[in-house]
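Listing of start.cif, mmCIF, N, CA and C atoms
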```cif
data_target
loop_
_atom_site.label_atom_id
_atom_site.label_comp_id
_atom_site.auth_asym_id
_atom_site.auth_seq_id
_atom_site.Cartn_x
_atom_site.Cartn_y
_atom_site.Cartn_z
N MET A 1 -82.31 120.84 38.46
CA MET A 1 -82.79 119.48 38.41
C MET A 1 -83.59 119.17 39.68
N ILE A 2 -84.55 118.32 39.55
CA ILE A 2 -85.30 117.79 40.69
C ILE A 2 -84.85 116.35 40.87
N GLU A 3 -84.37 116.02 42.06
CA GLU A 3 -83.94 114.66 42.36
C GLU A 3 -85.12 113.89 42.94
N VAL A 4 -85.40 112.73 42.37
CA VAL A 4 -86.52 111.90 42.83
C VAL A 4 -85.96 110.57 43.32
N ARG A 5 -86.23 110.26 44.59
CA ARG A 5 -85.77 109.01 45.19
C ARG A 5 -86.98 108.11 45.44
N LEU A 6 -86.91 106.91 44.89
CA LEU A 6 -87.99 105.94 45.04
C LEU A 6 -87.56 104.85 46.02
N PHE A 7 -88.50 104.40 46.85
CA PHE A 7 -88.20 103.40 47.86
C PHE A 7 -89.11 102.19 47.74
N ALA A 8 -88.63 101.07 48.29
CA ALA A 8 -89.38 99.80 48.38
C ALA A 8 -89.89 99.38 47.00
N THR A 9 -91.16 99.05 46.91
CA THR A 9 -91.70 98.51 45.65
C THR A 9 -91.70 99.53 44.51
N PHE A 10 -91.58 100.81 44.81
CA PHE A 10 -91.52 101.81 43.73
C PHE A 10 -90.25 101.65 42.90
N ARG A 11 -89.25 100.95 43.44
CA ARG A 11 -87.99 100.76 42.70
C ARG A 11 -88.08 99.65 41.67
N GLU A 12 -89.11 98.83 41.73
CA GLU A 12 -89.23 97.72 40.80
C GLU A 12 -89.41 98.23 39.37
N GLY A 13 -88.42 97.95 38.54
CA GLY A 13 -88.45 98.39 37.15
C GLY A 13 -88.12 99.86 36.96
N ARG A 14 -87.66 100.52 38.01
CA ARG A 14 -87.31 101.94 37.93
C ARG A 14 -85.96 102.15 38.60
N ASP A 15 -85.33 103.26 38.30
CA ASP A 15 -84.09 103.62 38.98
C ASP A 15 -84.39 104.06 40.41
N LYS A 16 -83.42 103.85 41.31
CA LYS A 16 -83.58 104.28 42.70
C LYS A 16 -83.61 105.80 42.79
N ILE A 17 -82.77 106.43 41.99
CA ILE A 17 -82.71 107.89 41.97
C ILE A 17 -82.79 108.34 40.52
N SER A 18 -83.65 109.32 40.28
CA SER A 18 -83.80 109.90 38.94
C SER A 18 -83.69 111.41 39.06
N TYR A 19 -83.32 112.03 37.97
CA TYR A 19 -83.21 113.48 37.92
C TYR A 19 -84.10 113.99 36.80
N LEU A 20 -84.97 114.93 37.14
CA LEU A 20 -85.91 115.49 36.17
C LEU A 20 -85.65 116.98 36.00
N GLU A 21 -85.78 117.44 34.78
CA GLU A 21 -85.71 118.88 34.52
C GLU A 21 -86.93 119.52 35.20
N PRO A 22 -86.76 120.65 35.85
CA PRO A 22 -87.88 121.25 36.59
C PRO A 22 -88.99 121.80 35.70
N GLN A 23 -88.70 122.09 34.43
CA GLN A 23 -89.74 122.61 33.55
C GLN A 23 -90.83 121.56 33.37
N GLY A 24 -92.06 121.97 33.56
CA GLY A 24 -93.19 121.07 33.35
C GLY A 24 -93.65 120.36 34.61
N TYR A 25 -92.92 120.50 35.71
CA TYR A 25 -93.32 119.87 36.97
C TYR A 25 -93.52 120.96 38.01
N HIS A 26 -94.77 121.10 38.46
CA HIS A 26 -95.09 122.13 39.44
C HIS A 26 -95.48 121.55 40.78
N THR A 27 -95.91 120.27 40.79
CA THR A 27 -96.33 119.63 42.04
C THR A 27 -95.73 118.22 42.14
N ALA A 28 -95.72 117.69 43.34
CA ALA A 28 -95.26 116.31 43.54
C ALA A 28 -96.15 115.33 42.78
N ALA A 29 -97.43 115.61 42.67
CA ALA A 29 -98.36 114.73 41.95
C ALA A 29 -97.96 114.60 40.48
N GLU A 30 -97.53 115.68 39.86
CA GLU A 30 -97.09 115.61 38.47
C GLU A 30 -95.87 114.70 38.33
N ILE A 31 -95.02 114.71 39.33
CA ILE A 31 -93.83 113.86 39.29
C ILE A 31 -94.21 112.39 39.44
N ILE A 32 -95.11 112.07 40.38
CA ILE A 32 -95.47 110.65 40.53
C ILE A 32 -96.21 110.14 39.30
N HIS A 33 -96.95 111.00 38.64
CA HIS A 33 -97.63 110.59 37.41
C HIS A 33 -96.61 110.30 36.31
N TYR A 34 -95.50 111.04 36.29
CA TYR A 34 -94.43 110.77 35.33
C TYR A 34 -93.93 109.33 35.49
N PHE A 35 -93.84 108.86 36.73
CA PHE A 35 -93.39 107.50 37.00
C PHE A 35 -94.51 106.47 36.93
N ARG A 36 -95.69 106.90 36.52
CA ARG A 36 -96.87 106.03 36.40
C ARG A 36 -97.23 105.39 37.75
N ILE A 37 -97.17 106.22 38.79
CA ILE A 37 -97.58 105.80 40.13
C ILE A 37 -98.88 106.53 40.45
N ALA A 38 -99.87 105.79 40.92
CA ALA A 38 -101.16 106.39 41.28
C ALA A 38 -101.05 107.13 42.61
N ASP A 39 -101.82 108.20 42.74
CA ASP A 39 -101.80 109.00 43.97
C ASP A 39 -102.02 108.14 45.21
N ASP A 40 -102.97 107.21 45.14
CA ASP A 40 -103.31 106.42 46.33
C ASP A 40 -102.26 105.35 46.66
N GLU A 41 -101.25 105.19 45.81
CA GLU A 41 -100.17 104.25 46.10
C GLU A 41 -99.06 104.88 46.93
N VAL A 42 -99.07 106.20 47.08
CA VAL A 42 -98.03 106.90 47.81
C VAL A 42 -98.46 107.08 49.27
N ALA A 43 -97.71 106.44 50.18
CA ALA A 43 -98.02 106.57 51.61
C ALA A 43 -97.30 107.78 52.21
N ILE A 44 -96.08 108.02 51.76
CA ILE A 44 -95.28 109.13 52.29
C ILE A 44 -94.61 109.85 51.13
N CYS A 45 -94.74 111.16 51.14
CA CYS A 45 -94.07 112.03 50.18
C CYS A 45 -93.26 113.04 50.98
N LEU A 46 -91.96 113.03 50.77
CA LEU A 46 -91.09 114.00 51.42
C LEU A 46 -90.51 114.93 50.37
N ILE A 47 -90.55 116.21 50.65
CA ILE A 47 -89.89 117.19 49.80
C ILE A 47 -88.84 117.86 50.67
N ASN A 48 -87.58 117.66 50.30
CA ASN A 48 -86.45 118.17 51.07
C ASN A 48 -86.51 117.71 52.53
N GLY A 49 -86.93 116.44 52.72
CA GLY A 49 -86.95 115.84 54.05
C GLY A 49 -88.15 116.17 54.90
N ARG A 50 -89.11 116.90 54.37
CA ARG A 50 -90.29 117.29 55.13
C ARG A 50 -91.54 116.63 54.53
N HIS A 51 -92.38 116.10 55.41
CA HIS A 51 -93.64 115.49 54.95
C HIS A 51 -94.42 116.52 54.16
N SER A 52 -94.89 116.10 53.00
CA SER A 52 -95.60 117.01 52.11
C SER A 52 -96.79 116.31 51.48
N LYS A 53 -97.72 117.11 51.03
CA LYS A 53 -98.87 116.59 50.29
C LYS A 53 -98.52 116.53 48.82
N LEU A 54 -99.27 115.73 48.08
CA LEU A 54 -98.98 115.57 46.66
C LEU A 54 -99.24 116.84 45.86
N ASP A 55 -100.05 117.74 46.39
CA ASP A 55 -100.28 119.00 45.69
C ASP A 55 -99.28 120.09 46.08
N SER A 56 -98.26 119.71 46.86
CA SER A 56 -97.21 120.65 47.25
C SER A 56 -96.36 121.03 46.04
N SER A 57 -95.92 122.28 46.03
CA SER A 57 -95.09 122.78 44.93
C SER A 57 -93.70 122.17 44.97
N VAL A 58 -93.13 122.00 43.79
CA VAL A 58 -91.74 121.56 43.66
C VAL A 58 -91.01 122.56 42.77
N LYS A 59 -89.70 122.65 42.99
CA LYS A 59 -88.90 123.59 42.21
C LYS A 59 -87.50 123.03 41.98
N ASP A 60 -86.76 123.69 41.15
CA ASP A 60 -85.39 123.29 40.84
C ASP A 60 -84.59 123.16 42.13
N GLY A 61 -83.86 122.05 42.27
CA GLY A 61 -83.04 121.81 43.45
C GLY A 61 -83.71 120.99 44.53
N ASP A 62 -85.02 120.75 44.41
CA ASP A 62 -85.73 119.96 45.42
C ASP A 62 -85.35 118.48 45.31
N VAL A 63 -85.47 117.80 46.47
CA VAL A 63 -85.29 116.35 46.53
C VAL A 63 -86.62 115.76 46.98
N ILE A 64 -87.20 114.91 46.14
CA ILE A 64 -88.49 114.28 46.42
C ILE A 64 -88.24 112.82 46.76
N ALA A 65 -88.77 112.35 47.88
CA ALA A 65 -88.67 110.94 48.27
C ALA A 65 -90.08 110.38 48.36
N LEU A 66 -90.29 109.24 47.71
CA LEU A 66 -91.62 108.62 47.64
C LEU A 66 -91.58 107.21 48.21
N PHE A 67 -92.51 106.93 49.12
CA PHE A 67 -92.60 105.63 49.79
C PHE A 67 -93.99 105.04 49.62
N PRO A 68 -94.09 103.78 49.26
CA PRO A 68 -95.39 103.11 49.24
C PRO A 68 -95.74 102.65 50.65
N PRO A 69 -96.99 102.20 50.87
CA PRO A 69 -97.29 101.60 52.17
C PRO A 69 -96.40 100.36 52.36
N VAL A 70 -95.88 100.20 53.55
CA VAL A 70 -95.00 99.06 53.82
C VAL A 70 -95.60 98.24 54.94
N GLY A 71 -95.80 96.96 54.68
CA GLY A 71 -96.35 96.07 55.68
C GLY A 71 -95.22 95.44 56.50
N GLY A 72 -95.57 94.89 57.56
CA GLY A 72 -94.58 94.23 58.40
C GLY A 72 -95.18 93.90 59.75
N GLY A 73 -94.40 93.27 60.56
CA GLY A 73 -94.97 92.90 61.84
C GLY A 73 -94.02 92.83 62.94
#
```

In structure tokens, write the structure found in this file.
Amino acid sequence: MIEVRLFATFREGRDKISYLEPQGYHTAAEIIHYFRIADDEVAICLINGRHSKLDSSVKDGDVIALFPPVGGG
């Protein structure tokens, strides 16, 4: 299974943590498209706690964390 953790506004209308079967998902981009999130909406993508690009490979057992841009002051 691939564990996907969504943060901040990505949680609106979605589960905080989801589990996906690894078949059919080869990159982080394919996973964000599953959640109907546009590439340019992702500010930070972590795979197993490491900053990664959306074209990075994913595999069974990975943990993906996705963060949108967060404003504040």

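Residues selected in this file by the PyMOL selection byres (((chain A and resi 42 and name CA) around 9) and name CA) comprise Ile32, Ile37, Ala38, Asp39, Asp40, Glu41, Ala43, Ile44, Cys45, Leu54, Leu66, Phe67, Pro68 and Pro69 of chain A.
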
Report task. Could you give me the residues within chain A that DSSP places in strand (DSSP E or B), as a VMD selection string? Result -> chain A and resid 2 to 6 17 to 20 27 44 to 47 50 to 51 57 63 to 67

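Atom N of Val70 of chain A is positioned 28.5 Å from atom CA of Glu21 of chain A.
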
Requested in this report: For the file shown, report as JSON, numbers by chain the outcome of the PyMOL selection byres ((chain A and resi 5) around 8) at residue level.
Outcome: {"A": [2, 3, 4, 6, 7, 8, 10, 11, 15, 16, 17, 18, 19, 63, 64, 65, 66, 67]}

Can you build me a table of segment 23-44 of chain A residues sitting at most 8 Å from segment 56-60 of chain A, with the closest atom pair per residue and its distance in Å to one decimal, using only C-alpha atoms, sorted by chain and residue number, as a Markdown table?
```
| residue | atom | partner | partner_atom | distance |
| --- | --- | --- | --- | --- |
| A:Tyr25 | CA | A:Val58 | CA | 7.1 |
| A:His26 | CA | A:Val58 | CA | 5.4 |
| A:Thr27 | CA | A:Ser57 | CA | 4.5 |
| A:Ala28 | CA | A:Ser56 | CA | 6.0 |
```

Report task. From a DSSP calculation on the backbone, collect every residue of chain A in alpha helix (DSSP H) and output the set as number ranges by chain. Result -> A: 28-34

Would you save the residues of that selection, restricted to N, CA and C atoms, as a PDB file, keeping the file's coordinate frame?
```pdb
ATOM      1  N   ALA A  28     -95.720 117.690  43.340  1.00  0.00           N
ATOM      2  CA  ALA A  28     -95.260 116.310  43.540  1.00  0.00           C
ATOM      3  C   ALA A  28     -96.150 115.330  42.780  1.00  0.00           C
ATOM      4  N   ALA A  29     -97.430 115.610  42.670  1.00  0.00           N
ATOM      5  CA  ALA A  29     -98.360 114.730  41.950  1.00  0.00           C
ATOM      6  C   ALA A  29     -97.960 114.600  40.480  1.00  0.00           C
ATOM      7  N   GLU A  30     -97.530 115.680  39.860  1.00  0.00           N
ATOM      8  CA  GLU A  30     -97.090 115.610  38.470  1.00  0.00           C
ATOM      9  C   GLU A  30     -95.870 114.700  38.330  1.00  0.00           C
ATOM     10  N   ILE A  31     -95.020 114.710  39.330  1.00  0.00           N
ATOM     11  CA  ILE A  31     -93.830 113.860  39.290  1.00  0.00           C
ATOM     12  C   ILE A  31     -94.210 112.390  39.440  1.00  0.00           C
ATOM     13  N   ILE A  32     -95.110 112.070  40.380  1.00  0.00           N
ATOM     14  CA  ILE A  32     -95.470 110.650  40.530  1.00  0.00           C
ATOM     15  C   ILE A  32     -96.210 110.140  39.300  1.00  0.00           C
ATOM     16  N   HIS A  33     -96.950 111.000  38.640  1.00  0.00           N
ATOM     17  CA  HIS A  33     -97.630 110.590  37.410  1.00  0.00           C
ATOM     18  C   HIS A  33     -96.610 110.300  36.310  1.00  0.00           C
ATOM     19  N   TYR A  34     -95.500 111.040  36.290  1.00  0.00           N
ATOM     20  CA  TYR A  34     -94.430 110.770  35.330  1.00  0.00           C
ATOM     21  C   TYR A  34     -93.930 109.330  35.490  1.00  0.00           C
TER      22      TYR A  34
END
```

Query - One-decimal distance in Å that lies between atom CA of His51 of chain A and atom CA of Tyr34 of chain A - result: 20.2 Å

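Between atom N of Met1 of chain A and atom C of Gly61 of chain A the interatomic distance comes to 6.2 Å.
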